[in-house]
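Raw contents of structure.pdb, PDB, C-alpha atoms:
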```pdb
MODEL        1
ATOM      1  CA  MET A 174     -11.511   8.961 -30.690
ATOM      2  CA  LYS A 175     -12.870   8.099 -27.255
ATOM      3  CA  LYS A 176     -10.932   9.231 -24.196
ATOM      4  CA  GLN A 177      -9.021   6.601 -22.216
ATOM      5  CA  TYR A 178      -9.093   6.264 -18.452
ATOM      6  CA  LYS A 179      -5.931   5.711 -16.449
ATOM      7  CA  ILE A 180      -6.701   2.379 -14.817
ATOM      8  CA  ALA A 181      -5.460   1.200 -11.425
ATOM      9  CA  LEU A 182      -6.182  -2.298 -10.130
ATOM     10  CA  SER A 183      -6.234  -3.245  -6.457
ATOM     11  CA  ILE A 184      -5.624  -6.848  -5.395
ATOM     12  CA  ALA A 185      -6.501  -6.908  -1.702
ATOM     13  CA  GLY A 186      -8.977  -7.808   1.026
ATOM     14  CA  SER A 187     -12.176  -5.954   1.805
ATOM     15  CA  ASP A 188     -13.050  -3.781   4.807
ATOM     16  CA  PRO A 189     -16.762  -3.475   5.585
ATOM     17  CA  SER A 190     -16.156  -0.327   7.618
ATOM     18  CA  GLY A 191     -14.860   1.368   4.470
ATOM     19  CA  GLY A 192     -11.592   2.776   5.781
ATOM     20  CA  ALA A 193      -9.037   0.243   4.568
ATOM     21  CA  GLY A 194      -8.502  -2.513   2.020
ATOM     22  CA  ILE A 195     -10.361  -2.562  -1.282
ATOM     23  CA  GLN A 196     -12.729   0.186  -0.174
ATOM     24  CA  ALA A 197      -9.915   2.600   0.696
ATOM     25  CA  ASP A 198      -8.090   1.724  -2.525
ATOM     26  CA  LEU A 199     -11.111   2.536  -4.691
ATOM     27  CA  LYS A 200     -11.630   5.853  -2.908
ATOM     28  CA  THR A 201      -7.969   6.749  -3.372
ATOM     29  CA  PHE A 202      -7.923   5.804  -7.050
ATOM     30  CA  SER A 203     -10.990   7.949  -7.663
ATOM     31  CA  ALA A 204      -9.647  10.909  -5.697
ATOM     32  CA  CYS A 205      -6.382  10.720  -7.656
ATOM     33  CA  GLY A 206      -8.065  10.656 -11.048
ATOM     34  CA  CYS A 207      -8.027   6.959 -11.917
ATOM     35  CA  TYR A 208     -10.593   4.365 -12.873
ATOM     36  CA  GLY A 209     -10.400   1.759 -10.132
ATOM     37  CA  ALA A 210     -10.815  -1.991 -10.599
ATOM     38  CA  THR A 211     -10.561  -4.636  -7.886
ATOM     39  CA  VAL A 212      -9.679  -8.246  -7.189
ATOM     40  CA  ILE A 213     -10.891  -9.359  -3.765
ATOM     41  CA  VAL A 214      -8.675 -11.961  -2.091
ATOM     42  CA  ALA A 215     -10.452 -12.110   1.273
ATOM     43  CA  VAL A 216     -13.561 -10.852   3.001
ATOM     44  CA  VAL A 217     -12.463  -9.381   6.319
ATOM     45  CA  ASP A 218     -14.757  -8.947   9.321
ATOM     46  CA  GLU A 219     -13.388  -5.748  10.824
ATOM     47  CA  ASN A 220     -14.195  -2.227  11.930
ATOM     48  CA  THR A 221     -12.332   0.707  13.466
ATOM     49  CA  VAL A 222     -11.738  -1.287  16.662
ATOM     50  CA  GLY A 223     -10.186  -4.435  15.235
ATOM     51  CA  VAL A 224     -10.290  -7.539  13.054
ATOM     52  CA  THR A 225     -12.715 -10.301  14.073
ATOM     53  CA  ASP A 226     -12.218 -12.804  11.269
ATOM     54  CA  VAL A 227     -10.823 -13.280   7.766
ATOM     55  CA  HIS A 228     -12.639 -15.369   5.150
ATOM     56  CA  PRO A 229     -10.297 -16.205   2.248
ATOM     57  CA  ILE A 230     -11.601 -16.265  -1.306
ATOM     58  CA  PRO A 231     -10.696 -19.540  -3.113
ATOM     59  CA  VAL A 232      -7.332 -19.023  -4.805
ATOM     60  CA  PRO A 233      -8.432 -20.133  -8.323
ATOM     61  CA  PHE A 234     -11.268 -17.591  -8.091
ATOM     62  CA  VAL A 235      -8.729 -14.860  -7.289
ATOM     63  CA  ALA A 236      -6.736 -15.801 -10.386
ATOM     64  CA  GLY A 237      -9.933 -15.698 -12.398
ATOM     65  CA  GLN A 238     -10.707 -12.182 -11.206
ATOM     66  CA  ILE A 239      -7.231 -10.980 -12.216
ATOM     67  CA  LYS A 240      -7.573 -12.488 -15.677
ATOM     68  CA  SER A 241     -11.083 -11.099 -16.145
ATOM     69  CA  VAL A 242      -9.946  -7.552 -15.374
ATOM     70  CA  LEU A 243      -6.630  -7.558 -17.234
ATOM     71  CA  ASP A 244      -7.879  -9.439 -20.307
ATOM     72  CA  ASP A 245     -10.695  -6.924 -20.718
ATOM     73  CA  ILE A 246      -9.736  -3.449 -19.509
ATOM     74  CA  GLY A 247      -6.059  -3.865 -18.541
ATOM     75  CA  ALA A 248      -4.276  -1.723 -15.955
ATOM     76  CA  ASP A 249      -1.700   1.050 -15.964
ATOM     77  CA  ALA A 250      -0.706   0.225 -12.373
ATOM     78  CA  ILE A 251      -1.469  -2.435  -9.797
ATOM     79  CA  LYS A 252      -1.571  -2.144  -6.029
ATOM     80  CA  ILE A 253      -1.277  -5.399  -4.067
ATOM     81  CA  GLY A 254      -2.394  -5.476  -0.453
ATOM     82  CA  MET A 255      -3.126  -8.277   1.984
ATOM     83  CA  LEU A 256      -2.133 -11.722   0.677
ATOM     84  CA  HIS A 257      -2.612 -14.138   3.547
ATOM     85  CA  SER A 258      -1.083 -17.407   2.304
ATOM     86  CA  SER A 259       1.847 -18.765   0.312
ATOM     87  CA  GLU A 260      -0.496 -20.340  -2.221
ATOM     88  CA  LEU A 261      -2.219 -17.026  -2.828
ATOM     89  CA  ILE A 262       1.065 -15.114  -3.115
ATOM     90  CA  ARG A 263       2.400 -17.543  -5.720
ATOM     91  CA  THR A 264      -0.861 -17.555  -7.663
ATOM     92  CA  VAL A 265      -1.053 -13.767  -7.835
ATOM     93  CA  LYS A 266       2.536 -13.543  -9.063
ATOM     94  CA  ASP A 267       2.193 -16.389 -11.569
ATOM     95  CA  THR A 268      -0.991 -14.868 -12.980
ATOM     96  CA  LEU A 269       0.512 -11.397 -13.306
ATOM     97  CA  LEU A 270       3.539 -12.822 -15.151
ATOM     98  CA  HIS A 271       1.305 -13.189 -18.214
ATOM     99  CA  TYR A 272       0.810  -9.414 -18.412
ATOM    100  CA  ASP A 273       3.358  -6.697 -19.164
ATOM    101  CA  ILE A 274       2.644  -4.348 -16.272
ATOM    102  CA  LYS A 275       5.668  -2.664 -14.690
ATOM    103  CA  ASN A 276       3.955  -0.396 -12.172
ATOM    104  CA  ILE A 277       3.238  -2.825  -9.349
ATOM    105  CA  VAL A 278       3.095  -1.439  -5.812
ATOM    106  CA  LEU A 279       3.140  -3.939  -2.939
ATOM    107  CA  ASP A 280       1.921  -2.948   0.494
ATOM    108  CA  PRO A 281       3.244  -5.911   2.523
ATOM    109  CA  VAL A 282       0.292  -5.992   4.901
ATOM    110  CA  MET A 283       1.098  -8.136   7.923
ATOM    111  CA  VAL A 284      -0.359  -6.232  10.866
ATOM    112  CA  ALA A 285      -3.561  -4.171  11.032
ATOM    113  CA  THR A 286      -3.658  -0.694  12.607
ATOM    114  CA  SER A 287      -5.338  -2.340  15.596
ATOM    115  CA  GLY A 288      -2.336  -4.663  16.023
ATOM    116  CA  ASP A 289      -4.090  -7.763  14.685
ATOM    117  CA  LYS A 290      -1.865 -10.080  12.641
ATOM    118  CA  LEU A 291      -3.114 -10.601   9.083
ATOM    119  CA  LEU A 292      -0.453 -12.752   7.408
ATOM    120  CA  GLN A 293       0.231 -16.428   8.059
ATOM    121  CA  ASP A 294       3.760 -17.111   9.334
ATOM    122  CA  GLU A 295       4.699 -19.480   6.499
ATOM    123  CA  ALA A 296       3.672 -16.874   3.936
ATOM    124  CA  ILE A 297       6.240 -14.320   5.078
ATOM    125  CA  ASN A 298       9.174 -16.138   3.482
ATOM    126  CA  THR A 299       7.202 -16.627   0.264
ATOM    127  CA  LEU A 300       6.451 -12.918   0.174
ATOM    128  CA  LYS A 301      10.138 -12.075   0.674
ATOM    129  CA  THR A 302      11.624 -14.517  -1.804
ATOM    130  CA  GLU A 303       9.016 -14.688  -4.573
ATOM    131  CA  LEU A 304       6.802 -11.597  -4.725
ATOM    132  CA  ILE A 305       8.822  -8.674  -3.390
ATOM    133  CA  PRO A 306      11.674  -9.016  -5.947
ATOM    134  CA  TYR A 307       9.065  -9.029  -8.725
ATOM    135  CA  VAL A 308       7.313  -5.714  -7.945
ATOM    136  CA  ARG A 309       8.499  -2.145  -8.557
ATOM    137  CA  ILE A 310       8.069  -0.694  -5.064
ATOM    138  CA  ILE A 311       7.124  -1.893  -1.572
ATOM    139  CA  THR A 312       5.666   0.317   1.169
ATOM    140  CA  PRO A 313       6.282  -1.266   4.601
ATOM    141  CA  ASN A 314       5.610   0.463   7.898
ATOM    142  CA  ILE A 315       7.939  -0.029  10.860
ATOM    143  CA  PRO A 316       6.404  -3.280  12.218
ATOM    144  CA  GLU A 317       6.321  -4.779   8.717
ATOM    145  CA  ALA A 318       9.902  -3.707   8.025
ATOM    146  CA  GLU A 319      10.997  -5.316  11.297
ATOM    147  CA  ILE A 320       9.394  -8.607  10.231
ATOM    148  CA  LEU A 321      11.065  -8.464   6.822
ATOM    149  CA  LEU A 322      14.463  -7.542   8.312
ATOM    150  CA  GLY A 323      14.278  -9.805  11.341
ATOM    151  CA  LYS A 324      15.418  -7.017  13.663
ATOM    152  CA  LYS A 325      14.090  -3.996  15.529
ATOM    153  CA  ILE A 326      14.081  -0.428  14.234
ATOM    154  CA  GLN A 327      14.681   1.829  17.204
ATOM    155  CA  SER A 328      14.629   5.396  15.906
ATOM    156  CA  GLN A 329      14.243   7.744  12.955
ATOM    157  CA  GLU A 330      18.003   7.613  12.408
ATOM    158  CA  ASP A 331      17.806   3.872  11.709
ATOM    159  CA  LEU A 332      15.598   4.250   8.629
ATOM    160  CA  PRO A 333      18.236   5.373   6.077
ATOM    161  CA  LEU A 334      20.620   2.744   7.466
ATOM    162  CA  VAL A 335      18.289  -0.223   6.950
ATOM    163  CA  ILE A 336      16.282   0.789   3.896
ATOM    164  CA  LYS A 337      18.683  -0.687   1.329
ATOM    165  CA  ASP A 338      18.507  -4.001   3.198
ATOM    166  CA  LEU A 339      14.788  -4.006   2.411
ATOM    167  CA  SER A 340      15.449  -3.600  -1.317
ATOM    168  CA  PHE A 341      16.550  -7.233  -1.682
ATOM    169  CA  GLY A 342      19.769  -6.616  -3.547
ATOM    170  CA  ARG A 343      18.542  -3.264  -4.876
ATOM    171  CA  SER A 344      15.946  -5.081  -6.976
ATOM    172  CA  VAL A 345      12.952  -3.191  -5.602
ATOM    173  CA  SER A 346      12.371   0.393  -4.470
ATOM    174  CA  VAL A 347      11.238   0.939  -0.878
ATOM    175  CA  LEU A 348       9.092   3.516   0.864
ATOM    176  CA  LEU A 349       9.717   3.014   4.587
ATOM    177  CA  LYS A 350       6.982   4.774   6.553
ATOM    178  CA  ALA A 351       7.847   6.323   9.905
ATOM    179  CA  GLY A 352       4.362   6.703  11.372
ATOM    180  CA  HIS A 353       4.947   4.183  14.163
ATOM    181  CA  LEU A 354       7.868   6.193  15.555
ATOM    182  CA  THR A 355       7.341   8.985  18.096
ATOM    183  CA  GLU A 356       9.293  12.003  16.817
ATOM    184  CA  ASP A 357       7.340  15.241  16.261
ATOM    185  CA  GLU A 358       8.623  15.454  12.689
ATOM    186  CA  LEU A 359       7.522  12.533  10.551
ATOM    187  CA  ILE A 360      10.211  11.558   8.041
ATOM    188  CA  ASP A 361       9.313   8.752   5.658
ATOM    189  CA  VAL A 362      12.359   7.494   3.764
ATOM    190  CA  PHE A 363      12.230   6.452   0.110
ATOM    191  CA  TYR A 364      14.908   4.418  -1.634
ATOM    192  CA  ASN A 365      14.727   4.490  -5.426
ATOM    193  CA  ALA A 366      16.470   1.282  -6.491
ATOM    194  CA  GLU A 367      16.355   2.393 -10.126
ATOM    195  CA  THR A 368      18.530   5.449  -9.466
ATOM    196  CA  ASP A 369      20.201   4.317  -6.205
ATOM    197  CA  GLU A 370      19.103   7.432  -4.305
ATOM    198  CA  ILE A 371      17.557   7.964  -0.884
ATOM    199  CA  ILE A 372      14.944  10.689  -0.439
ATOM    200  CA  LYS A 373      13.569  11.925   2.877
ATOM    201  CA  LEU A 374       9.905  12.934   2.857
ATOM    202  CA  ARG A 375       9.266  15.270   5.766
ATOM    203  CA  SER A 376       5.952  16.252   7.331
ATOM    204  CA  LYS A 377       4.638  17.441  10.662
ATOM    205  CA  ARG A 378       3.117  14.697  12.794
ATOM    206  CA  ILE A 379      -0.665  15.070  13.103
ATOM    207  CA  GLU A 380      -2.130  13.955  16.424
ATOM    208  CA  THR A 381      -5.138  11.834  15.493
ATOM    209  CA  LEU A 382      -6.685   8.421  16.076
ATOM    210  CA  ASN A 383      -7.905   8.389  12.478
ATOM    211  CA  THR A 384      -5.156   6.267  10.975
ATOM    212  CA  HIS A 385      -7.212   3.271   9.867
ATOM    213  CA  GLY A 386      -6.221   2.385   6.309
ATOM    214  CA  THR A 387      -3.317   4.809   5.973
ATOM    215  CA  GLY A 388      -1.055   2.111   4.545
ATOM    216  CA  CYS A 389      -3.652   1.057   1.983
ATOM    217  CA  THR A 390      -4.290   4.654   1.022
ATOM    218  CA  PHE A 391      -0.617   5.619   0.661
ATOM    219  CA  SER A 392       0.271   2.644  -1.538
ATOM    220  CA  SER A 393      -2.844   3.139  -3.663
ATOM    221  CA  ALA A 394      -1.984   6.799  -4.178
ATOM    222  CA  ILE A 395       1.485   5.803  -5.429
ATOM    223  CA  ALA A 396      -0.106   3.341  -7.864
ATOM    224  CA  ALA A 397      -2.554   6.013  -9.026
ATOM    225  CA  PHE A 398       0.160   8.553  -9.745
ATOM    226  CA  LEU A 399       2.294   5.927 -11.492
ATOM    227  CA  SER A 400      -0.680   5.105 -13.695
ATOM    228  CA  HIS A 401      -0.675   8.752 -14.781
ATOM    229  CA  GLY A 402       2.894   8.301 -16.001
ATOM    230  CA  LEU A 403       4.735  10.171 -13.247
ATOM    231  CA  PRO A 404       8.370   9.196 -12.607
ATOM    232  CA  LEU A 405       8.791   7.087  -9.487
ATOM    233  CA  ASN A 406      10.167   9.899  -7.306
ATOM    234  CA  ASP A 407       7.369  12.256  -8.316
ATOM    235  CA  ALA A 408       4.699   9.605  -7.793
ATOM    236  CA  VAL A 409       5.927   8.967  -4.241
ATOM    237  CA  ARG A 410       6.144  12.699  -3.443
ATOM    238  CA  SER A 411       2.646  13.318  -4.823
ATOM    239  CA  ALA A 412       1.276  10.394  -2.825
ATOM    240  CA  LYS A 413       2.905  11.744   0.319
ATOM    241  CA  GLU A 414       1.248  15.143  -0.214
ATOM    242  CA  TYR A 415      -2.117  13.482  -0.796
ATOM    243  CA  MET A 416      -1.675  11.331   2.311
ATOM    244  CA  ASN A 417      -0.775  14.274   4.531
ATOM    245  CA  LYS A 418      -3.859  16.224   3.512
ATOM    246  CA  ALA A 419      -6.121  13.185   3.856
ATOM    247  CA  ILE A 420      -4.880  12.642   7.422
ATOM    248  CA  GLN A 421      -5.085  16.334   8.294
ATOM    249  CA  VAL A 422      -8.663  16.785   7.121
ATOM    250  CA  GLY A 423      -9.711  13.361   8.409
ATOM    251  CA  SER A 424      -8.470  14.243  11.890
ATOM    252  CA  GLN A 425     -11.392  16.672  12.225
ATOM    253  CA  TYR A 426     -13.990  13.906  11.943
ATOM    254  CA  LYS A 427     -15.255  11.127  14.193
ATOM    255  CA  ILE A 428     -16.174   7.741  12.751
ATOM    256  CA  GLY A 429     -16.434   4.611  14.892
ATOM    257  CA  LYS A 430     -15.131   3.807  18.357
ATOM    258  CA  GLY A 431     -11.490   3.135  17.454
ATOM    259  CA  HIS A 432      -9.118   4.217  14.705
ATOM    260  CA  GLY A 433     -11.225   6.096  12.166
ATOM    261  CA  PRO A 434     -10.345   6.560   8.485
ATOM    262  CA  VAL A 435      -8.586   9.384   6.681
ATOM    263  CA  HIS A 436     -10.561  11.756   4.427
ATOM    264  CA  HIS A 437      -9.985  10.468   0.900
ATOM    265  CA  PHE A 438     -12.052  13.132  -0.841
ATOM    266  CA  PHE A 439     -10.747  16.286   0.866
ATOM    267  CA  ASP A 440     -10.463  18.042  -2.515
ATOM    268  CA  PHE A 441     -14.168  17.612  -3.151
ATOM    269  CA  TRP A 442     -15.748  18.241   0.272
ATOM    270  CA  GLU A 443     -14.662  18.736   3.856
TER     271      GLU A 443
ENDMDL
END
```

Go ahead and render the structure in this file as structure tokens.
Amino acid sequence: MKKQYKIALSIAGSDPSGGAGIQADLKTFSACGCYGATVIVAVVDENTVGVTDVHPIPVPFVAGQIKSVLDDIGADAIKIGMLHSSELIRTVKDTLLHYDIKNIVLDPVMVATSGDKLLQDEAINTLKTELIPYVRIITPNIPEAEILLGKKIQSQEDLPLVIKDLSFGRSVSVLLKAGHLTEDELIDVFYNAETDEIIKLRSKRIETLNTHGTGCTFSSAIAAFLSHGLPLNDAVRSAKEYMNKAIQVGSQYKIGKGHGPVHHFFDFWE
């Protein structure tokens, strides 16, 4: 009998500089032992300095890509990244409803590392009411969590207090990333809605400009480890360990004039 790959599918936008989006997702899937497939929802003109333009892919063509991949090779886990419009959000969800895939990780991309806004205002409510309750886990950073909550997050101590509010009636698990805060110790907070437990994921803050694509990479790593059959808590912990090492090793390199990428393949070469 032939061996079977663990397959992870990314539904996201592209990044020509290679540090974020589809490109980062594919690198992460490969580094974490998965066969990576992709559905491109937008072609983004960006680099390490910022986003210049976003060219959306026609929504029916996005649905066609999803069907082509899942009808043929399937997926053990799906990572969803930047979805820029309400029409696209609804189409992605409605298309996925035809497939029995539980491991769906949503990175609610709204703001790029450079500060550029990536999500249309009218799409935010659609994301909150229609897509987020459907997925297994969301991975917002602080600015994205503030948009979803409609209020500011002031300090590390706020994270455990607000994280259940992000779970939309405890229907979805939440990894709330603390990278935008300023404390020396970085404490991401994970709420497992399936077990109603809060887990703190501690790491030492690494001083580096190379943070381009960290959100894409983290969420893709979770999807990769879920595709291998890890329980949710273990998948998040393993992704956190992978992310820390990718940032640490990546901090030693210089790529571009702005926020460079992490090192996705630190286990293979440094």

Give me the result of the PyMOL selection byres ((chain A and resi 374) around 9) on this file, residue by residue, as a PyMOL selection string. chain A and resi 359-363+372-373+375-376+410+413

What does the PyMOL selection byres ((chain A and resi 338-354) around 9) select in this file, as a PyMOL selection string? chain A and resi 301-302+305-316+318+321-322+327-329+332-337+355-356+359-367+369+378+388+409

Evaluated on this file, the PyMOL selection byres ((chain A and resi 250) around 9) picks out some residues - which ones are they, written as a ChimeraX atom specification? /A:179-183,248-249,251-252,274-278,396-401

Residues near range 197-211 of chain A, anyone? I mean within 10 Å using only C-alpha atoms, not counting same-chain ones fewer than 3 positions away, as a PyMOL selection string. chain A and resi 177-188+190-194+214+238-239+242-243+246-254+385-398+400-401+411-412+415-416+419+434-441

Mind working out the centre and edge lengths of an axis-aligned box for range 247-263 of chain A, all listed atoms inside, 6 Å added to each side, rounded to one decimal in Å and written as AutoDock Vina command-line options?
```
--center_x -1.8 --center_y -9.6 --center_z -7.5 --size_x 20.5 --size_y 33.4 --size_z 34.1
```

Pairwise distance for CA of Ser424 in chain A and CA of Thr381 in chain A, rounded to one decimal in Å: 5.5 Å

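Between CA of Thr268 in chain A and CA of Val216 in chain A the interatomic distance comes to 20.7 Å.
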
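The spacing separating CA of Thr221 in chain A from CA of Phe234 in chain A amounts to 28.3 Å.
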
Residues within 12 Å of Ile297 in chain A, please, as a PyMOL selection string. Count only C-alpha atoms; anything in the same chain fewer than 2 positions from it doesn't count. chain A and resi 255-263+281-284+290-295+299-305+317-323

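Take the candidates A:Ile420, A:Ile371, A:Leu382, A:Ala215 and check each one against Pro231 in chain A using only C-alpha atoms; the shortest distance goes to A:Ala215.
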
Pick from A:Lys377, A:Lys266, A:Val224, A:His432 nearest to Lys418 in chain A, counting all atoms listed in the file: A:Lys377
